[in-house]
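Participant: Have a look at this one.
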Amino acid sequence: MPKRERNKFVRRGEIIDILIEDYAFGGKGIGRIRNEHGEFVVFVPNTLPGQLVKTQIKKTSKKYAEGKLFEVLKPSEDEIDMPYQTIPGAPYINLPIEKQHQYKKESTLQLFKRIGKVDDIEDKFDEFVTSPNTFHYRNKMEYGFSAIGYDHDLKTDVDEFTLGFKKRGTWWCGDDLKKDSGLFDAEFENQLKDIKAYCVETGLAPWHPPKREGFFRYFVVRKSFKTNQLLFNLVTTSYDLPEFDLDKFANYLVGLFGDRVAGLLHTINDETGDRTIATTGSISLVYGDDKIVEELLGLNFEISMKSFFQTNPKCAEKLYTKVVDYALENKEAVDNTVVLDLFCGTGTIGQIIANKSENTKIVGVDIVAAAIEDAKENAKRNNIEGLKFYAADVGKFLAEHPEYTNKIRTIILDPARAGIAPKTLKKIINLNAERLVYVSCNPATQARDTEQLMEAGYTINKLSLVDQFPHTAHIETVVLFEKK
């Protein structure tokens, strides 16, 4: 077997400093190594042109390498000072929002050209939909406890009780959140250090990632923008649980936030895996209610700690409005027909369409049974008729329910990040619908599916981008496909 040729520019595992020169889709900054052998590209996620960064090489090939960001050594000239604590979940918070929009739009359209083979994608571009709230837009955050912290002055790990987020580039090292991050609720995050102090005073240990032991694991918070209430979930192991007074902790939170406290839940998670809610654990209500209510486009939705719900509800309204506008653009293809809402989640889009159309039957399908149960409950709560929800794999559903798949004119598609499985997409194509409204949180897989849809006779009528997650690389796309 021939010996693998050693990369002449960089080795896997090597830590290097590199200047980021360009921006690629998905927040991948492009750096270049130049030496006597020529020029070599290194992609580093969550970086910007103009930044000097420290990165560890995770993957190498003949043409390029991929690194993991450890630290920004020097900011880009485009960046500005912000009054927030920088966290890994908001790598671009110091970049003016207009510049963020520019990078997202240009890189996404290039993606459709390169992967989707849509040469005239600029002509199809409809709108860049901005988030109503650039800051404090999230309705859920997960804060982790750790027995290992980080000393930013000495640049080394230290043994200390932390509550916040993992230090960028590590899985074992926590970093305290000491003030507002600019993403979630400012009042709550400014009080997180006090909640940490309360937990420290109990004498119980935070989770130690390498040893996989400890008591405190996560503190999860959901917020309702409709009521301004907060729903808390403290995640611990069962060890030392008798020594922790859950009722006293609930009273402490009420003392901090008053009527804003909707409820406190307690989750036991003894698994070693890094998840907030264990498959074998239990969740119990300690205080108040186990749900909060949110409103989208005049409809009410109950949200539990386990429910999937859009993280930026104010922008979700704009996303759903765009989807519904595309779906109802040809109202004749919706009124008095069956509309398939595939990968429907909690059925929000289908409910809105049913509410705005005449005698339309919406058939929603999703493989997550809990999401379908939420969809049924929400439809009942909002008194919307003409909805039918199925907990099933979309591909199997299409094969087993011909009564819903004959003469379909409009289909709504909102798959997970992985996109639509090729066999399932083929079944969708075989339905021969006139129009597809395809929503995606991962334009890379949507661009891949676009090529197959175009080969089957569909063309892109229009495309919009929705900035659901400011200060991150994420962008959502809404594409209206029509049959030639």
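Chain lettering (A, B, ...) mirrors the order of the structure tokens, residue numbering begins at 1 for each chain separately, and ligand numbering begins at 1 in order of display.
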Which residues are close to A:Val200, i.e. within 10 Å by only C-alpha atoms, leaving aside same-chain residues fewer than 6 positions away? Reply as a list in words.

Facilitator: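 Near A:Val200, the qualifying residues are Phe161, Thr162, Asp194, Pro206 and Phe216 of chain A.
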
Participant: List the spatial neighbours of stretch 285-291 of chain A as a list in words - criterion: any atom at most 8 Å away, only C-alpha atoms, same-chain residues fewer than 5 positions off excluded.

Facilitator: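 Close residues of stretch 285-291 of chain A: Leu231, Leu246, Asp247, Ala250, Val261, Ala262, Gly263, Leu264, Leu265, His266, Glu302, Ile303, Ser304 and Met305 of chain A.
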
Participant: Restricted to N, CA and C atoms, what would the selected residues look like written as a JSON list (two decimals), in the first residue's frame?

Facilitator:
[["chain", "number", "residue", "atom", "x", "y", "z"],
["A", 231, "LEU", "N", -39.82, 30.25, 32.07],
["A", 231, "LEU", "CA", -40.00, 28.87, 32.52],
["A", 231, "LEU", "C", -38.62, 28.26, 32.70],
["A", 246, "LEU", "N", -35.23, 21.88, 46.48],
["A", 246, "LEU", "CA", -35.80, 22.41, 45.24],
["A", 246, "LEU", "C", -36.83, 23.51, 45.51],
["A", 247, "ASP", "N", -37.63, 23.35, 46.54],
["A", 247, "ASP", "CA", -38.64, 24.36, 46.87],
["A", 247, "ASP", "C", -37.97, 25.69, 47.26],
["A", 250, "ALA", "N", -36.80, 27.37, 44.15],
["A", 250, "ALA", "CA", -37.93, 28.00, 43.45],
["A", 250, "ALA", "C", -38.27, 29.34, 44.09],
["A", 261, "VAL", "N", -41.80, 34.53, 36.87],
["A", 261, "VAL", "CA", -41.55, 33.09, 36.97],
["A", 261, "VAL", "C", -42.84, 32.34, 36.68],
["A", 262, "ALA", "N", -42.88, 31.67, 35.52],
["A", 262, "ALA", "CA", -44.05, 30.85, 35.17],
["A", 262, "ALA", "C", -44.00, 29.53, 35.92],
["A", 263, "GLY", "N", -42.79, 28.96, 36.04],
["A", 263, "GLY", "CA", -42.66, 27.68, 36.72],
["A", 263, "GLY", "C", -41.22, 27.22, 36.77],
["A", 264, "LEU", "N", -40.96, 26.24, 37.64],
["A", 264, "LEU", "CA", -39.65, 25.60, 37.73],
["A", 264, "LEU", "C", -39.83, 24.09, 37.60],
["A", 265, "LEU", "N", -39.10, 23.51, 36.68],
["A", 265, "LEU", "CA", -39.07, 22.05, 36.51],
["A", 265, "LEU", "C", -37.72, 21.54, 36.97],
["A", 266, "HIS", "N", -37.68, 20.27, 37.35],
["A", 266, "HIS", "CA", -36.41, 19.64, 37.72],
["A", 266, "HIS", "C", -36.25, 18.37, 36.91],
["A", 302, "GLU", "N", -49.10, 26.69, 23.14],
["A", 302, "GLU", "CA", -48.56, 26.31, 24.43],
["A", 302, "GLU", "C", -47.21, 25.64, 24.21],
["A", 303, "ILE", "N", -46.22, 26.04, 25.00],
["A", 303, "ILE", "CA", -44.86, 25.52, 24.82],
["A", 303, "ILE", "C", -44.40, 24.89, 26.12],
["A", 304, "SER", "N", -44.06, 23.61, 26.07],
["A", 304, "SER", "CA", -43.49, 22.92, 27.22],
["A", 304, "SER", "C", -41.98, 22.99, 27.11],
["A", 305, "MET", "N", -41.29, 22.45, 28.10],
["A", 305, "MET", "CA", -39.82, 22.47, 28.06],
["A", 305, "MET", "C", -39.30, 21.61, 26.92]]

Participant: DSSP on the backbone, then: every residue of stretch 87-228 of chain A marked strand (DSSP E), written as a ChimeraX atom specification.

Facilitator: /A:125-129,140-151,156-166,174-176,216-223

Participant: Which of these, A:Phe225, A:Phe249, A:Phe112, A:Tyr103, has the shortest distance to A:Thr445 once you count only C-alpha atoms?

Facilitator: A:Phe112

Participant: Give me, as a PyMOL selection string, all polymer residues having an atom no more than 12 Å from A:Glu329, counting only C-alpha atoms and skipping those fewer than 2 positions away in the same chain.

Facilitator: chain A and resi 321-327+331-335+353+356-357+410+435-437+461-462+480+482

Participant: Fewer than 6 positions away in the same chain doesn't count, so skip those; otherwise give me all residues within 10 Å of A:Leu299, counting only C-alpha atoms, as an MDAnalysis selection string.

Facilitator: chainID A and resid 348 351:352 355 378:379 381:384

Participant: At most 12 Å is the cut-off: for each residue in stretch 354-382 of chain A with any atom that close to an atom of stretch 394-403 of chain A, write down the nearest atom pair and the distance in Å rounded to one decimal, counting only C-alpha atoms, chain first then increasing number, as a Markdown table.

Facilitator:
| residue | atom | partner | partner_atom | distance |
| --- | --- | --- | --- | --- |
| A:Val363 | CA | A:His401 | CA | 10.9 |
| A:Gly364 | CA | A:Val394 | CA | 9.7 |
| A:Val365 | CA | A:Val394 | CA | 6.3 |
| A:Asp366 | CA | A:Val394 | CA | 6.6 |
| A:Ile367 | CA | A:Val394 | CA | 7.1 |
| A:Val368 | CA | A:Val394 | CA | 10.8 |

Participant: Could you write those residues out with N, CA and C atoms, as an mmCIF file, in the first residue's frame?

Facilitator:
data_model
loop_
_atom_site.group_PDB
_atom_site.id
_atom_site.type_symbol
_atom_site.label_atom_id
_atom_site.label_comp_id
_atom_site.auth_asym_id
_atom_site.auth_seq_id
_atom_site.Cartn_x
_atom_site.Cartn_y
_atom_site.Cartn_z
ATOM 1 N N VAL A 363 -53.091 18.642 5.477
ATOM 2 C CA VAL A 363 -52.642 17.355 5.996
ATOM 3 C C VAL A 363 -51.174 17.510 6.398
ATOM 4 N N GLY A 364 -50.925 17.512 7.719
ATOM 5 C CA GLY A 364 -49.575 17.695 8.233
ATOM 6 C C GLY A 364 -48.949 16.370 8.624
ATOM 7 N N VAL A 365 -47.673 16.198 8.265
ATOM 8 C CA VAL A 365 -46.971 14.944 8.546
ATOM 9 C C VAL A 365 -45.600 15.258 9.143
ATOM 10 N N ASP A 366 -45.276 14.580 10.241
ATOM 11 C CA ASP A 366 -43.949 14.716 10.840
ATOM 12 C C ASP A 366 -43.627 13.434 11.596
ATOM 13 N N ILE A 367 -42.365 13.061 11.598
ATOM 14 C CA ILE A 367 -41.971 11.800 12.238
ATOM 15 C C ILE A 367 -41.924 11.916 13.762
ATOM 16 N N VAL A 368 -41.847 13.148 14.287
ATOM 17 C CA VAL A 368 -41.751 13.353 15.742
ATOM 18 C C VAL A 368 -43.154 13.349 16.354
#

Participant: Near A:Gln56, within 6 Å and counting only C-alpha atoms, which residues show up once chain neighbours fewer than 2 positions away are dropped, as a PyMOL selection string?

Facilitator: chain A and resi 13-15+67-68

Participant: What does the file look like for those residues with C-alpha atoms, as a PDB file, in the first residue's frame?

Facilitator:
ATOM      1  CA  GLY A  13      -3.787  18.624  15.113  1.00  0.00           C
ATOM      2  CA  GLU A  14      -1.392  21.513  14.524  1.00  0.00           C
ATOM      3  CA  ILE A  15      -2.307  24.883  16.096  1.00  0.00           C
ATOM      4  CA  GLY A  67      -9.696  24.245  11.428  1.00  0.00           C
ATOM      5  CA  LYS A  68     -11.512  24.848  14.714  1.00  0.00           C
TER       6      LYS A  68
END
